[in-house]
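Undergrad: This is the content of coords-v5.txt (compact mmCIF, C-alpha atoms):
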# COMPACT_ATOMS: atom_id res chain seq x y z
CA MET A 1 56.73 22.84 -6.82
CA GLY A 2 56.08 19.51 -5.19
CA GLY A 3 54.96 18.31 -1.80
CA PHE A 4 51.80 19.30 0.02
CA THR A 5 50.93 22.90 -0.46
CA LEU A 6 47.90 24.97 0.43
CA LEU A 7 49.54 28.21 -0.43
CA ALA A 8 47.35 30.83 -2.02
CA GLY A 9 48.63 31.84 -5.36
CA ASP A 10 49.44 28.35 -6.44
CA THR A 11 46.01 28.03 -7.95
CA LEU A 12 44.39 26.60 -11.01
CA GLN A 13 42.64 28.75 -13.52
CA LEU A 14 39.15 29.81 -12.49
CA VAL A 15 37.53 28.15 -15.48
CA ASN A 16 39.67 25.14 -16.01
CA ILE A 17 39.03 21.68 -17.39
CA ASN A 18 41.33 19.55 -15.28
CA PRO A 19 41.50 15.85 -16.25
CA SER A 20 42.71 14.74 -12.84
CA THR A 21 39.83 16.57 -11.13
CA ILE A 22 37.43 14.93 -13.56
CA ILE A 23 38.86 11.48 -12.85
CA PHE A 24 38.76 12.04 -9.09
CA THR A 25 35.25 13.44 -9.27
CA LEU A 26 34.03 10.45 -11.24
CA ILE A 27 35.62 8.08 -8.72
CA ASN A 28 34.22 10.08 -5.80
CA THR A 29 30.77 10.13 -7.36
CA LEU A 30 30.90 6.38 -7.81
CA ILE A 31 31.93 5.97 -4.17
CA ILE A 32 29.11 8.24 -3.01
CA LEU A 33 26.73 6.28 -5.17
CA LEU A 34 27.87 3.02 -3.59
CA LEU A 35 27.74 4.51 -0.09
CA TYR A 36 24.23 5.82 -0.67
CA LYS A 37 23.08 2.63 -2.30
CA PHE A 38 24.44 0.15 0.23
CA PHE A 39 24.27 2.14 3.45
CA LEU A 40 20.96 3.91 2.95
CA HIS A 41 19.00 3.01 -0.15
CA LYS A 42 19.06 -0.78 0.03
CA PRO A 43 18.43 -1.19 3.77
CA VAL A 44 15.57 1.29 3.67
CA MET A 45 14.09 -0.29 0.55
CA LYS A 46 14.43 -3.68 2.16
CA ILE A 47 12.65 -2.57 5.30
CA LEU A 48 9.94 -0.83 3.25
CA GLU A 49 9.48 -3.97 1.19
CA GLU A 50 9.32 -6.11 4.32
CA ARG A 51 6.82 -3.76 5.86
CA LYS A 52 4.75 -3.80 2.69
CA GLN A 53 4.90 -7.57 2.70
CA LYS A 54 3.93 -7.73 6.35
CA ILE A 55 1.04 -5.33 5.96
CA GLY A 56 -0.08 -7.24 2.89
CA ASP A 57 0.12 -10.51 4.79
CA GLU A 58 -1.75 -9.08 7.73
CA MET A 59 -4.43 -7.60 5.54
CA LYS A 60 -4.76 -10.88 3.74
CA ALA A 61 -5.00 -12.71 7.05
CA ALA A 62 -7.65 -10.27 8.21
CA GLU A 63 -9.55 -10.71 4.97
CA ASP A 64 -9.28 -14.47 5.29
CA ALA A 65 -10.51 -14.32 8.86
CA GLN A 66 -13.40 -12.15 7.82
CA ALA A 67 -14.26 -14.45 4.95
CA GLU A 68 -14.08 -17.39 7.31
CA ALA A 69 -16.28 -15.61 9.83
CA GLU A 70 -18.77 -14.79 7.12
CA ALA A 71 -18.76 -18.38 5.92
CA LEU A 72 -19.34 -19.55 9.49
CA LYS A 73 -22.10 -17.03 9.89
CA ALA A 74 -23.75 -18.20 6.70
CA GLU A 75 -23.35 -21.78 7.82
CA TYR A 76 -24.83 -21.05 11.22
CA SER A 77 -27.73 -19.12 9.84
CA ALA A 78 -28.37 -21.92 7.37
CA LYS A 79 -28.25 -24.39 10.21
CA LEU A 80 -30.53 -22.20 12.29
CA LYS A 81 -32.99 -21.96 9.44
CA GLU A 82 -32.78 -25.67 8.93
CA SER A 83 -33.42 -26.42 12.57
CA GLN A 84 -36.28 -23.93 12.61
CA GLU A 85 -37.75 -25.67 9.64
CA GLU A 86 -37.20 -28.99 11.29
CA ALA A 87 -38.88 -27.76 14.45
CA ALA A 88 -41.80 -26.46 12.45
CA GLN A 89 -41.96 -29.77 10.67
CA ILE A 90 -41.88 -31.66 13.94
CA VAL A 91 -44.62 -29.50 15.37
CA SER A 92 -46.78 -29.82 12.29
CA ALA A 93 -46.18 -33.54 12.20
CA ALA A 94 -47.12 -33.75 15.85
CA VAL A 95 -50.21 -31.66 15.23
CA LYS A 96 -51.13 -33.84 12.31
CA ARG A 97 -50.57 -36.97 14.28
CA ALA A 98 -52.56 -35.60 17.18
CA GLY A 99 -55.37 -34.73 14.81
CA GLU A 100 -55.27 -38.20 13.34
CA ARG A 101 -55.28 -39.71 16.79
CA GLU A 102 -58.14 -37.49 17.80
CA ASN A 103 -60.15 -38.55 14.79
CA GLN A 104 -59.25 -42.13 15.47
CA ILE A 105 -60.28 -41.88 19.10
CA ILE A 106 -63.51 -40.19 18.16
CA ALA A 107 -64.17 -42.79 15.51
CA GLU A 108 -63.39 -45.55 17.95
CA ALA A 109 -65.64 -43.99 20.56
CA GLN A 110 -68.38 -43.58 18.05
CA GLN A 111 -67.91 -47.15 16.96
CA GLU A 112 -67.99 -48.29 20.55
CA ALA A 113 -71.03 -46.22 21.25
CA ALA A 114 -72.72 -47.58 18.17
CA LYS A 115 -71.82 -51.09 19.22
CA MET A 116 -73.09 -50.50 22.72
CA LYS A 117 -76.25 -48.95 21.40
CA GLN A 118 -76.76 -51.87 19.11
CA LYS A 119 -76.17 -54.29 21.96
CA ALA A 120 -78.56 -52.36 24.15
CA GLU A 121 -81.13 -52.32 21.43
CA GLU A 122 -80.65 -56.03 20.92
CA SER A 123 -81.02 -56.76 24.59
CA ILE A 124 -84.03 -54.47 24.80
CA GLU A 125 -85.53 -56.32 21.86
CA LEU A 126 -84.77 -59.62 23.55
CA GLU A 127 -86.33 -58.45 26.80
CA LYS A 128 -89.26 -57.17 24.92
CA LYS A 129 -89.68 -60.46 23.13
CA LYS A 130 -89.24 -62.26 26.39
CA ALA A 131 -91.80 -60.04 28.03
CA ILE A 132 -94.22 -60.47 25.19
CA ASN A 133 -93.78 -64.22 25.33
CA GLU A 134 -94.34 -64.16 29.06
CA ILE A 135 -97.37 -62.01 28.63
CA LYS A 136 -98.61 -64.37 25.99
CA ASP A 137 -98.04 -67.30 28.30
CA GLN A 138 -99.81 -65.51 31.12
CA ILE A 139 -102.64 -64.45 28.88
CA SER A 140 -103.10 -68.01 27.81
CA ASP A 141 -103.00 -69.07 31.45
CA ILE A 142 -105.51 -66.37 32.30
CA VAL A 143 -107.70 -67.38 29.41
CA ILE A 144 -107.52 -70.96 30.55
CA MET A 145 -108.24 -69.82 34.11
CA ALA A 146 -111.06 -67.54 32.95
CA SER A 147 -112.60 -70.25 30.87
CA GLU A 148 -112.38 -72.59 33.90
CA LYS A 149 -114.17 -69.95 35.97
CA VAL A 150 -116.79 -69.46 33.27
CA CYS A 151 -117.36 -73.13 33.12
CA GLU A 152 -117.65 -73.29 36.93
CA LYS A 153 -120.98 -71.27 37.21
CA GLU A 154 -123.74 -69.40 35.38
CA ILE A 155 -122.81 -65.88 35.07
CA SER A 156 -125.03 -62.85 35.34
CA LYS A 157 -124.31 -59.49 34.15
CA SER A 158 -123.31 -58.41 37.56
CA ASP A 159 -121.45 -61.63 38.01
CA ASN A 160 -119.84 -61.04 34.73
CA GLU A 161 -118.70 -57.65 35.75
CA ALA A 162 -117.57 -58.92 39.06
CA LEU A 163 -115.75 -61.68 37.26
CA ILE A 164 -114.05 -59.24 34.96
CA ASN A 165 -113.08 -57.01 37.83
CA LYS A 166 -111.91 -59.98 39.75
CA PHE A 167 -110.04 -61.11 36.70
CA ILE A 168 -108.45 -57.73 36.29
CA ALA A 169 -107.60 -57.63 39.93
CA GLU A 170 -106.05 -61.06 39.61
CA VAL A 171 -104.16 -59.98 36.56
CA GLY A 172 -103.05 -56.84 38.40
CA ASN A 173 -101.93 -58.91 41.36
CA GLU A 174 -100.03 -61.30 39.23
CA MET B 3 49.66 38.16 -7.97
CA ILE B 4 47.84 37.98 -11.27
CA THR B 5 47.59 34.59 -12.95
CA PRO B 6 45.59 33.91 -16.09
CA GLY B 7 42.86 32.35 -13.97
CA THR B 8 42.65 35.21 -11.57
CA MET B 9 39.56 37.30 -11.84
CA LEU B 10 40.10 40.95 -11.47
CA LEU B 11 37.46 43.25 -10.12
CA ALA B 12 37.44 46.77 -8.76
CA GLU B 13 40.92 48.23 -8.86
CA GLU B 14 43.71 46.03 -9.95
CA GLY B 15 45.02 43.85 -7.12
CA THR B 16 42.43 44.83 -4.56
CA PHE B 17 39.76 42.19 -5.20
CA THR B 18 40.45 38.86 -6.74
CA VAL B 19 38.62 35.60 -7.08
CA GLU B 20 40.97 32.79 -7.73
CA GLY B 21 40.62 29.28 -9.08
CA PRO B 22 40.82 26.25 -6.84
CA LEU B 23 44.11 25.59 -5.09
CA ARG B 24 46.47 22.95 -6.39
CA SER B 25 46.30 21.22 -3.01
CA ILE B 26 48.40 18.14 -3.72
CA PRO B 27 50.61 18.21 -6.79
CA LEU B 28 51.01 14.88 -8.53
CA PRO B 29 54.31 15.30 -10.38
CA PHE B 30 54.20 11.83 -11.92
CA LEU B 31 51.20 12.94 -14.00
CA ASN B 32 53.04 15.94 -15.39
CA ASP B 33 53.69 14.26 -18.72
CA ILE B 34 50.09 13.22 -19.24
CA PHE B 35 48.04 16.18 -17.97
CA GLY B 36 50.58 18.96 -18.14
CA GLU B 37 52.34 20.52 -15.20
CA GLU B 38 49.49 22.76 -14.05
CA ASN B 39 46.75 20.13 -14.12
CA ALA B 40 48.77 17.32 -12.59
CA CYS B 41 47.46 17.77 -9.09
CA ILE B 42 44.70 17.02 -6.67
CA ALA B 43 42.76 20.25 -6.68
CA GLU B 44 41.14 21.91 -3.70
CA SER B 45 37.73 20.94 -5.09
CA VAL B 46 38.72 17.28 -4.85
CA VAL B 47 39.86 17.68 -1.24
CA SER B 48 36.51 19.34 -0.47
CA GLN B 49 34.81 16.36 -2.06
CA TRP B 50 36.64 14.06 0.31
CA VAL B 51 35.28 16.05 3.24
CA VAL B 52 31.82 15.78 1.72
CA MET B 53 32.32 12.05 1.25
CA ILE B 54 33.35 11.54 4.87
CA ILE B 55 30.30 13.48 6.07
CA LEU B 56 27.98 11.58 3.74
CA ALA B 57 29.49 8.21 4.63
CA VAL B 58 28.84 8.86 8.32
CA VAL B 59 25.35 10.24 7.67
CA PHE B 60 24.34 7.37 5.37
CA PHE B 61 25.78 4.79 7.74
CA VAL B 62 24.06 6.23 10.80
CA LEU B 63 20.74 6.70 9.01
CA GLY B 64 20.70 3.32 7.35
CA ARG B 65 21.62 1.02 10.20
CA ASN B 66 19.38 -0.76 12.68
CA LEU B 67 16.19 -0.24 10.75
CA LYS B 68 13.13 -1.74 12.35
CA LEU B 69 9.96 -3.04 10.77
CA LYS B 70 8.12 -0.77 13.17
CA PRO B 71 9.96 2.57 13.06
CA GLU B 72 10.83 3.72 16.53
CA SER B 73 13.38 6.43 15.95
CA LYS B 74 13.21 9.77 14.19
CA ARG B 75 16.44 8.69 12.52
CA GLN B 76 14.65 5.90 10.73
CA ILE B 77 11.74 8.13 9.77
CA LEU B 78 14.23 10.58 8.26
CA ALA B 79 16.03 7.78 6.42
CA GLU B 80 12.77 6.45 5.02
CA TRP B 81 11.67 9.93 4.08
CA ILE B 82 14.92 10.61 2.19
CA VAL B 83 14.90 7.33 0.28
CA GLY B 84 11.15 7.54 -0.31
CA PHE B 85 11.47 11.10 -1.56
CA PHE B 86 14.10 10.25 -4.16
CA SER B 87 12.31 7.07 -5.19
CA GLY B 88 9.06 8.93 -5.60
CA TYR B 89 10.73 11.81 -7.37
CA VAL B 90 12.43 9.52 -9.88
CA GLU B 91 9.18 7.64 -10.37
CA THR B 92 7.18 10.77 -11.13
CA SER B 93 9.88 12.20 -13.38
CA MET B 94 10.96 9.10 -15.27
CA GLY B 95 8.26 6.50 -14.71
CA THR B 96 8.28 3.22 -12.87
CA ARG B 97 10.66 1.53 -15.33
CA TYR B 98 13.56 3.74 -14.31
CA LYS B 99 12.72 3.92 -10.60
CA LYS B 100 14.86 1.01 -9.50
CA SER B 101 17.93 1.80 -11.59
CA TYR B 102 18.01 5.59 -11.22
CA ALA B 103 16.75 6.27 -7.70
CA PRO B 104 20.11 5.48 -6.03
CA TYR B 105 22.09 7.59 -8.50
CA ILE B 106 19.73 10.55 -8.27
CA GLY B 107 19.69 10.37 -4.47
CA ALA B 108 23.45 10.09 -4.25
CA LEU B 109 24.01 12.86 -6.78
CA PHE B 110 21.61 15.19 -4.99
CA CYS B 111 23.24 14.57 -1.61
CA PHE B 112 26.71 14.98 -3.09
CA CYS B 113 25.69 18.11 -4.97
CA ILE B 114 23.91 19.87 -2.11
CA LEU B 115 26.72 19.29 0.36
CA SER B 116 29.24 20.34 -2.27
CA CYS B 117 27.36 23.61 -2.66
CA LEU B 118 27.48 24.12 1.12
CA MET B 119 31.20 23.47 1.62
CA GLY B 120 31.75 27.21 1.52
CA LEU B 121 30.09 27.38 4.94
CA LEU B 122 32.98 25.33 6.34
CA GLY B 123 35.51 27.65 4.78
CA LEU B 124 36.37 25.18 2.06
CA ARG B 125 35.98 25.79 -1.62
CA ASN B 126 32.72 24.50 -3.07
CA PRO B 127 33.55 21.60 -5.36
CA THR B 128 30.65 22.79 -7.50
CA ALA B 129 32.46 26.06 -8.12
CA ASP B 130 34.88 24.07 -10.25
CA VAL B 131 33.76 23.45 -13.82
CA SER B 132 35.71 20.20 -13.88
CA VAL B 133 33.47 18.84 -11.12
CA THR B 134 30.16 19.94 -12.60
CA GLY B 135 31.52 18.87 -15.98
CA SER B 136 32.18 15.38 -14.64
CA TRP B 137 28.60 15.05 -13.53
CA ALA B 138 27.40 16.38 -16.87
CA LEU B 139 29.67 13.81 -18.50
CA ILE B 140 27.88 11.10 -16.55
CA THR B 141 24.56 12.53 -17.75
CA PHE B 142 25.85 12.57 -21.32
CA THR B 143 26.92 8.94 -21.02
CA LEU B 144 23.57 7.93 -19.56
CA VAL B 145 21.74 9.76 -22.35
CA LEU B 146 23.88 8.06 -24.97
CA TYR B 147 23.37 4.68 -23.34
CA THR B 148 19.61 5.19 -23.13
CA LYS B 149 19.36 6.32 -26.75
CA ILE B 150 21.26 3.33 -28.08
CA LYS B 151 19.56 0.89 -25.74
CA THR B 152 16.02 1.97 -26.55
CA GLY B 153 16.37 2.98 -30.21
CA GLY B 154 19.26 0.78 -31.27
CA PHE B 155 22.45 2.12 -32.82
CA LYS B 156 20.67 2.59 -36.14
CA GLY B 157 17.85 4.49 -34.47
CA TYR B 158 20.38 6.66 -32.66
CA MET B 159 22.14 7.51 -35.93
CA LYS B 160 18.80 8.16 -37.58
CA SER B 161 17.76 10.53 -34.81
CA PHE B 162 20.39 13.00 -36.04
CA ILE B 163 18.56 13.56 -39.34
CA GLU B 164 15.13 13.87 -37.84
CA PRO B 165 12.81 15.52 -38.58
CA MET B 166 14.79 16.80 -41.63
CA PRO B 167 18.28 15.93 -42.84
CA PHE B 168 19.38 19.57 -42.65
CA MET B 169 18.84 19.43 -38.90
CA LEU B 170 21.96 17.25 -38.58
CA PRO B 171 24.30 19.97 -37.27
CA PHE B 172 21.71 21.26 -34.82
CA ASN B 173 21.03 17.78 -33.53
CA ILE B 174 24.74 17.19 -33.00
CA ILE B 175 25.07 20.51 -31.19
CA GLY B 176 21.94 19.70 -29.18
CA ASP B 177 23.44 16.46 -27.94
CA PHE B 178 26.43 18.30 -26.54
CA ALA B 179 24.68 21.53 -25.57
CA ASN B 180 22.47 19.86 -22.96
CA PRO B 181 25.23 18.51 -20.70
CA ILE B 182 27.40 21.57 -21.24
CA SER B 183 24.60 23.92 -20.23
CA GLN B 184 23.84 21.69 -17.27
CA ALA B 185 27.46 21.85 -16.09
CA MET B 186 27.73 25.57 -16.70
CA ARG B 187 24.50 26.38 -14.87
CA LEU B 188 25.64 24.75 -11.62
CA PHE B 189 29.17 26.03 -11.95
CA GLY B 190 28.08 29.58 -12.78
CA ASN B 191 25.62 29.77 -9.92
CA ASN B 192 28.16 28.61 -7.38
CA LEU B 193 30.97 30.74 -8.68
CA SER B 194 28.71 33.78 -8.79
CA GLY B 195 27.84 33.10 -5.15
CA ILE B 196 31.54 33.12 -4.29
CA VAL B 197 32.16 36.27 -6.34
CA ILE B 198 29.23 38.13 -4.83
CA GLY B 199 30.20 37.02 -1.33
CA GLY B 200 33.73 38.22 -1.91
CA LEU B 201 32.50 41.52 -3.32
CA ILE B 202 30.26 42.11 -0.32
CA TYR B 203 33.08 41.42 2.11
CA TYR B 204 35.31 43.67 0.05
CA ALA B 205 32.74 46.46 -0.10
CA LEU B 206 31.81 46.33 3.58
CA GLY B 207 35.41 46.06 4.70
CA SER B 208 35.55 45.98 8.49
CA PHE B 209 31.76 46.55 8.74
CA ALA B 210 31.03 43.08 7.48
CA ILE B 211 28.54 42.05 10.18
CA ALA B 212 25.12 40.39 9.71
CA VAL B 213 24.69 41.45 6.07
CA PRO B 214 27.00 38.76 4.63
CA ALA B 215 25.31 36.13 6.81
CA VAL B 216 21.86 37.02 5.49
CA LEU B 217 23.09 37.08 1.91
CA SER B 218 24.97 33.88 2.41
CA LEU B 219 21.68 32.32 3.49
CA TYR B 220 20.46 32.95 -0.03
CA PHE B 221 23.63 32.42 -2.02
CA ASP B 222 24.73 29.35 -0.14
CA LEU B 223 21.74 27.61 1.37
CA PHE B 224 18.83 28.53 -0.91
CA SER B 225 20.83 28.45 -4.09
CA ALA B 226 22.43 25.16 -3.05
CA VAL B 227 19.06 23.46 -2.65
CA ILE B 228 17.59 24.98 -5.81
CA GLN B 229 20.62 24.33 -7.99
CA SER B 230 21.03 20.74 -6.78
CA TYR B 231 17.36 20.13 -7.41
CA ILE B 232 17.60 21.61 -10.89
CA PHE B 233 20.72 19.58 -11.63
CA VAL B 234 19.16 16.22 -10.78
CA THR B 235 15.90 17.20 -12.47
CA LEU B 236 17.76 18.03 -15.67
CA THR B 237 19.68 14.77 -15.46
CA MET B 238 16.44 12.86 -15.26
CA SER B 239 14.67 14.82 -17.97
CA TYR B 240 17.60 14.46 -20.40
CA VAL B 241 17.66 10.71 -19.85
CA ILE B 242 13.90 10.31 -20.22
CA MET B 243 13.88 12.47 -23.34
CA ALA B 244 16.51 10.16 -24.80
CA ASP B 245 14.28 7.16 -24.24
CA ALA B 246 12.82 6.33 -27.63
CA ASP B 247 10.07 4.24 -26.04
CA ALA B 248 8.82 6.95 -23.71
Here is a file; write its structure as structure tokens.
TA:
Amino acid sequence: MGGFTLLAGDTLQLVNINPSTIIFTLINTLIILLLYKFFLHKPVMKILEERKQKIGDEMKAAEDAQAEAEALKAEYSAKLKESQEEAAQIVSAAVKRAGERENQIIAEAQQEAAKMKQKAEESIELEKKKAINEIKDQISDIVIMASEKVCEKEISKSDNEALINKFIAEVGNE
Amino acid sequence: MITPGTMLLAEEGTFTVEGPLRSIPLPFLNDIFGEENACIAESVVSQWVVMIILAVVFFVLGRNLKLKPESKRQILAEWIVGFFSGYVETSMGTRYKKSYAPYIGALFCFCILSCLMGLLGLRNPTADVSVTGSWALITFTLVLYTKIKTGGFKGYMKSFIEPMPFMLPFNIIGDFANPISQAMRLFGNNLSGIVIGGLIYYALGSFAIAVPAVLSLYFDLFSAVIQSYIFVTLTMSYVIMADADA
């Protein structure tokens, strides 16, 4: 015995607890474990973890972007609403102001008209007074004239009538 | 030649199944292990072949991994690791996933290729009870470690007299029976495959065409997958049963 041999016949028992085989098997198993762990398990786990991380990051980024977009949307719609309100306010203010102005203008016009009417009435009154005074003056003149005429000659009925007609004609000619 | 380990079938001397070869004698161990056992057995040499194959496979599969998988190689690598991780997680829970997934994966790969070494004309390492016994020894150690770690040494001692003190002998037997049955199951299945294969070749003589190949598909390939699967499953279930917290 001794040296390298693969000869049949030099065999162990079929059911045999061999301490050296056990020791070698334990060592071999440990080596396989290390090979599996460091060549395959760890790199794959690392890449899976990285991928998980990356997908998580990307999903988070997407969620963030969506949240941001939604916030912007809310902001914009709020702004839009605000500006619509503002526009409505401006319009209503303008309408109100226009209405006020309209009323003011009307009031002013009415005032003006009233003033003008009053002035007209005043001037009419004045003219009237003036006319009446003139008429009074003329009447007094006429009366003076008529009394002069009466005093000038004896008057008959026909003369009287002629006088009156003459007088009227004079008045009319005046 | 008839040695004590030689199995005799049919007529004497016509069909034998022998134990593993004493491939490399280690004379300096003669005093410790005895002259017969002081050697590197054929089943250890087969393991080295398995280790070389696995080292290459693991190295090729595990290198150059990309965040975005481009190669089928990477998909296969991720599938293998993911399968064992998931399997350990479903069998033992998330707590054990990180610590046990590498061992279970490595053991399964080692075991399945060991069962298939017969296809290369080598002796299956798993057809040697010392090999399957070593793995069962690891299981036994893990079970012991788990029991003491989760229940404390006192709890472990107490577990022998539960539920009744008279259960003590059965509990002691139970602790040893599990790993022994685990080792024997794998060993017996593989050895029976070898025996049946040998018998078929012997019976068919020079007509041994096609039939042995079909049968070998079952006894080597199918049985290898099933037995490896059972072996790692048992390892996991023994450990998780030992966990006092579970």
Undergrad: For Lys70 in chain B, find every residue with an atom within 12 Å (counting all atoms listed in the file), except residues of its own chain fewer than 4 positions away, and show them as a compact mmCIF listing (two decimals) with C-alpha atoms, keeping the file's coordinate frame.
TA:
# COMPACT_ATOMS: atom_id res chain seq x y z
CA ILE A 47 12.65 -2.57 5.30
CA LEU A 48 9.94 -0.83 3.25
CA GLU A 50 9.32 -6.11 4.32
CA ARG A 51 6.82 -3.76 5.86
CA LYS A 52 4.75 -3.80 2.69
CA LYS A 54 3.93 -7.73 6.35
CA ILE A 55 1.04 -5.33 5.96
CA ASN B 66 19.38 -0.76 12.68
CA LYS B 74 13.21 9.77 14.19
CA GLN B 76 14.65 5.90 10.73
CA ILE B 77 11.74 8.13 9.77
CA GLU B 80 12.77 6.45 5.02
Undergrad: So that I can check the surroundings of range 214-230 of chain B, please list as a short mmCIF file (atom, residue, chain, number, x, y, z; two decimals) with C-alpha atoms, keeping the file's coordinate frame every protein, DNA and RNA residue that reaches within 9 Å of it, counting only C-alpha atoms and ignoring chain neighbours fewer than 6 positions away.
TA:
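Resulting contents of result.cif:
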data_model
loop_
_atom_site.label_atom_id
_atom_site.label_comp_id
_atom_site.auth_asym_id
_atom_site.auth_seq_id
_atom_site.Cartn_x
_atom_site.Cartn_y
_atom_site.Cartn_z
CA LEU B 109 24.01 12.86 -6.78
CA PHE B 110 21.61 15.19 -4.99
CA CYS B 111 23.24 14.57 -1.61
CA PHE B 112 26.71 14.98 -3.09
CA CYS B 113 25.69 18.11 -4.97
CA ILE B 114 23.91 19.87 -2.11
CA LEU B 115 26.72 19.29 0.36
CA SER B 116 29.24 20.34 -2.27
CA CYS B 117 27.36 23.61 -2.66
CA LEU B 118 27.48 24.12 1.12
CA MET B 119 31.20 23.47 1.62
CA GLY B 120 31.75 27.21 1.52
CA LEU B 121 30.09 27.38 4.94
CA ARG B 187 24.50 26.38 -14.87
CA LEU B 188 25.64 24.75 -11.62
CA ASN B 191 25.62 29.77 -9.92
CA ASN B 192 28.16 28.61 -7.38
CA SER B 194 28.71 33.78 -8.79
CA GLY B 195 27.84 33.10 -5.15
CA ILE B 196 31.54 33.12 -4.29
CA ILE B 198 29.23 38.13 -4.83
CA GLY B 199 30.20 37.02 -1.33
CA ILE B 202 30.26 42.11 -0.32
CA TYR B 203 33.08 41.42 2.11
#
Undergrad: Pick the closest to chain B from A:Glu86, A:Glu75, A:Glu49, A:Glu121: which is it, counting all atoms listed in the file?
TA: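 Going through A:Glu86, A:Glu75, A:Glu49, A:Glu121 one by one, the smallest distance to chain B is for A:Glu49.
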Undergrad: Check every residue of chain B for an atom within 7 Å of chain A, counting all atoms listed in the file, and provide those that qualify as number ranges by chain.
TA: B: 3, 6-8, 20-27, 29, 35, 39-43, 46, 53, 57, 60-61, 63-64, 67, 69, 80, 83, 104-105, 108, 131-133, 136
Undergrad: To one decimal place in Å, what is the distance between CA of Phe142 in chain B and CA of Ile242 in chain B?
TA: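 If I compute the distance from CA of Phe142 in chain B to CA of Ile242 in chain B, I get 12.2 Å.
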Undergrad: Go ahead and compute the interatomic distance for CA of Ala88 in chain A and CA of Glu68 in chain A, in Å to one decimal.
TA: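 About the pair CA of Ala88 in chain A and CA of Glu68 in chain A: they are 29.6 Å apart.
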Undergrad: Report, in Å with one decimal, the straight-line distance from CA of Asp64 in chain A to CA of Lys79 in chain A.
TA: 22.0 Å
Undergrad: Generate the coordinates of N, CA and C atoms for range 138-151 of chain A; report them as a PDB file, in the coordinates of the input.
TA:
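Writing done, so here's part_4.pdb:
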ATOM      1  N   GLN A 138     -98.893 -65.850  30.022  1.00  0.00           N
ATOM      2  CA  GLN A 138     -99.810 -65.510  31.120  1.00  0.00           C
ATOM      3  C   GLN A 138    -101.230 -65.362  30.621  1.00  0.00           C
ATOM      4  N   ILE A 139    -101.317 -64.663  29.426  1.00  0.00           N
ATOM      5  CA  ILE A 139    -102.640 -64.450  28.880  1.00  0.00           C
ATOM      6  C   ILE A 139    -103.318 -65.810  28.634  1.00  0.00           C
ATOM      7  N   SER A 140    -102.515 -66.694  28.079  1.00  0.00           N
ATOM      8  CA  SER A 140    -103.100 -68.010  27.810  1.00  0.00           C
ATOM      9  C   SER A 140    -103.502 -68.708  29.123  1.00  0.00           C
ATOM     10  N   ASP A 141    -102.663 -68.544  30.121  1.00  0.00           N
ATOM     11  CA  ASP A 141    -103.000 -69.070  31.450  1.00  0.00           C
ATOM     12  C   ASP A 141    -104.300 -68.468  31.946  1.00  0.00           C
ATOM     13  N   ILE A 142    -104.346 -67.105  31.829  1.00  0.00           N
ATOM     14  CA  ILE A 142    -105.510 -66.370  32.300  1.00  0.00           C
ATOM     15  C   ILE A 142    -106.756 -66.832  31.550  1.00  0.00           C
ATOM     16  N   VAL A 143    -106.566 -66.972  30.209  1.00  0.00           N
ATOM     17  CA  VAL A 143    -107.700 -67.380  29.410  1.00  0.00           C
ATOM     18  C   VAL A 143    -108.148 -68.768  29.852  1.00  0.00           C
ATOM     19  N   ILE A 144    -107.204 -69.617  30.072  1.00  0.00           N
ATOM     20  CA  ILE A 144    -107.520 -70.960  30.550  1.00  0.00           C
ATOM     21  C   ILE A 144    -108.239 -70.861  31.896  1.00  0.00           C
ATOM     22  N   MET A 145    -107.660 -70.011  32.773  1.00  0.00           N
ATOM     23  CA  MET A 145    -108.240 -69.820  34.110  1.00  0.00           C
ATOM     24  C   MET A 145    -109.652 -69.254  34.023  1.00  0.00           C
ATOM     25  N   ALA A 146    -109.756 -68.212  33.113  1.00  0.00           N
ATOM     26  CA  ALA A 146    -111.060 -67.540  32.950  1.00  0.00           C
ATOM     27  C   ALA A 146    -112.076 -68.537  32.412  1.00  0.00           C
ATOM     28  N   SER A 147    -111.654 -69.305  31.433  1.00  0.00           N
ATOM     29  CA  SER A 147    -112.600 -70.250  30.870  1.00  0.00           C
ATOM     30  C   SER A 147    -112.970 -71.313  31.927  1.00  0.00           C
ATOM     31  N   GLU A 148    -112.097 -71.698  32.780  1.00  0.00           N
ATOM     32  CA  GLU A 148    -112.380 -72.590  33.900  1.00  0.00           C
ATOM     33  C   GLU A 148    -113.458 -71.993  34.795  1.00  0.00           C
ATOM     34  N   LYS A 149    -113.227 -70.658  35.095  1.00  0.00           N
ATOM     35  CA  LYS A 149    -114.170 -69.950  35.970  1.00  0.00           C
ATOM     36  C   LYS A 149    -115.545 -69.910  35.335  1.00  0.00           C
ATOM     37  N   VAL A 150    -115.543 -69.591  33.988  1.00  0.00           N
ATOM     38  CA  VAL A 150    -116.790 -69.460  33.270  1.00  0.00           C
ATOM     39  C   VAL A 150    -117.526 -70.815  33.306  1.00  0.00           C
ATOM     40  N   CYS A 151    -116.795 -71.795  33.091  1.00  0.00           N
ATOM     41  CA  CYS A 151    -117.360 -73.130  33.120  1.00  0.00           C
ATOM     42  C   CYS A 151    -117.839 -73.495  34.514  1.00  0.00           C
TER      43      CYS A 151
END
